[in-house]
Amino acid sequence: MRSRVEILALASAFASLCLCAPVWGAKPPREPDGYFVGAYHSPVPMTLRGAGVVDTAQAHALWLKHQIFVDVLPQPPKPAGLPPGTIFRQKPRYDIPGSIWLPDTGYGQLAGKMQFYFEDGLQKATHGDKARTLVFYCLKDCWMSWNAARRAMRLGYDHVVWYRDGSDGWAGAQFPLQINREAPGR
């Protein structure tokens, strides 16, 4: 016979599993009409109208062809309330080698300065050629890459690709990662 503590521990473990496990048969969300604003790290749709959507093997093939990869994962802010003189070291961003990192450009709404930063970053990466292939990513189940890819299409880029699994999928396939720094000019 199990003790009360063992039963509570098992019940707690089961409840945690249920809260974290995917709902069997749950359908991915549908594409919103505009940009997504909400819980940015949550299940994403399978599609992005007007863009190509690739899995990890397809993303790797594009990487081998030297296409432009754009990481839009936000840069974590400095924690509030640090005592004066505290040294804050930013956590490094490991992403797909050769990527440009345009942090904070995948939100549903961008301030004018961030919109310009995004447009300028893409223009510099493509040398003004809107026919170049752009592969957008962040993490798995990250709406920010979906928003950024949609935003690039609205800016007139013709070959936009969305890599849904992002650097998480890349790392899971044991492809190389590198520490990246954000694009200058922000």
# chains A, B, ... in the order shown; residues from 1 in each chain; ligands from 1

call {"tool": "closest_atom_pairs", "arguments": {"of": "range 79-142 of chain A", "to": "range 28-42 of chain A", "cutoff": "9 Å", "atoms": "only C-alpha atoms", "output": "Markdown table"}}
result
| residue | atom | partner | partner_atom | distance |
| --- | --- | --- | --- | --- |
| A:Tyr107 | CA | A:Val37 | CA | 7.1 |
| A:Gly108 | CA | A:Tyr35 | CA | 4.9 |
| A:Gln109 | CA | A:Tyr35 | CA | 7.6 |
| A:Leu139 | CA | A:His41 | CA | 8.2 |
| A:Lys140 | CA | A:His41 | CA | 8.0 |
| A:Asp141 | CA | A:Ser42 | CA | 5.3 |
| A:Cys142 | CA | A:His41 | CA | 4.7 |

call {"tool": "write_last_selection", "arguments": {"atoms": "N, CA and C atoms", "output": "short mmCIF file (atom, residue, chain, number, x, y, z; two decimals), in the first residue's frame"}}
result
data_model
loop_
_atom_site.label_atom_id
_atom_site.label_comp_id
_atom_site.auth_asym_id
_atom_site.auth_seq_id
_atom_site.Cartn_x
_atom_site.Cartn_y
_atom_site.Cartn_z
N TYR A 107 7.48 41.07 -33.28
CA TYR A 107 6.25 41.38 -32.54
C TYR A 107 5.14 41.73 -33.52
N GLY A 108 3.92 41.63 -33.07
CA GLY A 108 2.77 41.93 -33.93
C GLY A 108 2.69 43.40 -34.30
N GLN A 109 3.16 44.25 -33.42
CA GLN A 109 3.19 45.69 -33.69
C GLN A 109 4.61 46.18 -33.44
N LEU A 139 12.47 30.28 -32.55
CA LEU A 139 12.43 28.99 -31.85
C LEU A 139 11.25 28.19 -32.36
N LYS A 140 11.14 26.96 -31.92
CA LYS A 140 9.96 26.16 -32.25
C LYS A 140 8.75 26.80 -31.57
N ASP A 141 7.62 26.79 -32.26
CA ASP A 141 6.39 27.38 -31.74
C ASP A 141 6.59 28.84 -31.35
N CYS A 142 7.17 29.59 -32.27
CA CYS A 142 7.43 31.01 -32.04
C CYS A 142 6.72 31.83 -33.12
#

call {"tool": "residues_around", "arguments": {"residues": "range 57-70 of chain A", "least_positions_apart": "5", "cutoff": "9 Å", "atoms": "only C-alpha atoms", "output": "mmCIF file with C-alpha atoms, in the first residue's frame"}}
result
data_model
loop_
_atom_site.group_PDB
_atom_site.id
_atom_site.type_symbol
_atom_site.label_atom_id
_atom_site.label_comp_id
_atom_site.auth_asym_id
_atom_site.auth_seq_id
_atom_site.Cartn_x
_atom_site.Cartn_y
_atom_site.Cartn_z
ATOM 1 C CA ILE A 96 22.145 28.957 -37.500
ATOM 2 C CA PRO A 97 25.623 29.906 -38.793
ATOM 3 C CA GLY A 98 25.684 32.877 -41.128
ATOM 4 C CA SER A 99 22.322 34.207 -39.958
ATOM 5 C CA ILE A 100 21.626 37.834 -39.375
ATOM 6 C CA TRP A 101 19.939 38.524 -36.064
ATOM 7 C CA LEU A 102 17.290 41.224 -36.050
ATOM 8 C CA LEU A 122 16.677 43.171 -44.776
ATOM 9 C CA ALA A 125 21.229 41.542 -46.127
ATOM 10 C CA THR A 126 19.774 41.347 -49.641
ATOM 11 C CA ARG A 132 16.584 36.967 -52.807
ATOM 12 C CA THR A 133 15.361 34.096 -50.657
ATOM 13 C CA LEU A 134 14.902 35.002 -46.989
ATOM 14 C CA VAL A 135 14.442 32.246 -44.392
ATOM 15 C CA PHE A 136 12.882 33.509 -41.143
ATOM 16 C CA TYR A 137 13.124 31.648 -37.857
ATOM 17 C CA CYS A 138 13.367 31.953 -34.091
ATOM 18 C CA SER A 145 9.235 34.350 -37.032
ATOM 19 C CA VAL A 161 10.432 31.107 -46.336
ATOM 20 C CA TYR A 163 11.242 27.754 -40.815
ATOM 21 C CA TRP A 170 18.227 22.806 -36.064
ATOM 22 C CA ALA A 173 19.098 17.587 -35.866
ATOM 23 C CA PHE A 175 23.416 20.792 -37.192
#

call {"tool": "closest_residue", "arguments": {"among": "A:Arg181, A:Lys78, A:Arg164, A:His127", "to": "Pro43 in chain A", "atoms": "only C-alpha atoms"}}
result
A:Arg164

call {"tool": "select_by_dssp", "arguments": {"residues": "range 16-168 of chain A", "states": "strand (DSSP E)", "output": "ChimeraX atom specification"}}
result
/A:52-54,68-71,93-95,100-101,133-137,159-163

call {"tool": "select_by_dssp", "arguments": {"residues": "range 28-148 of chain A", "states": "alpha helix (DSSP H)", "output": "number ranges by chain"}}
result
A: 56-64, 112-126, 143-148
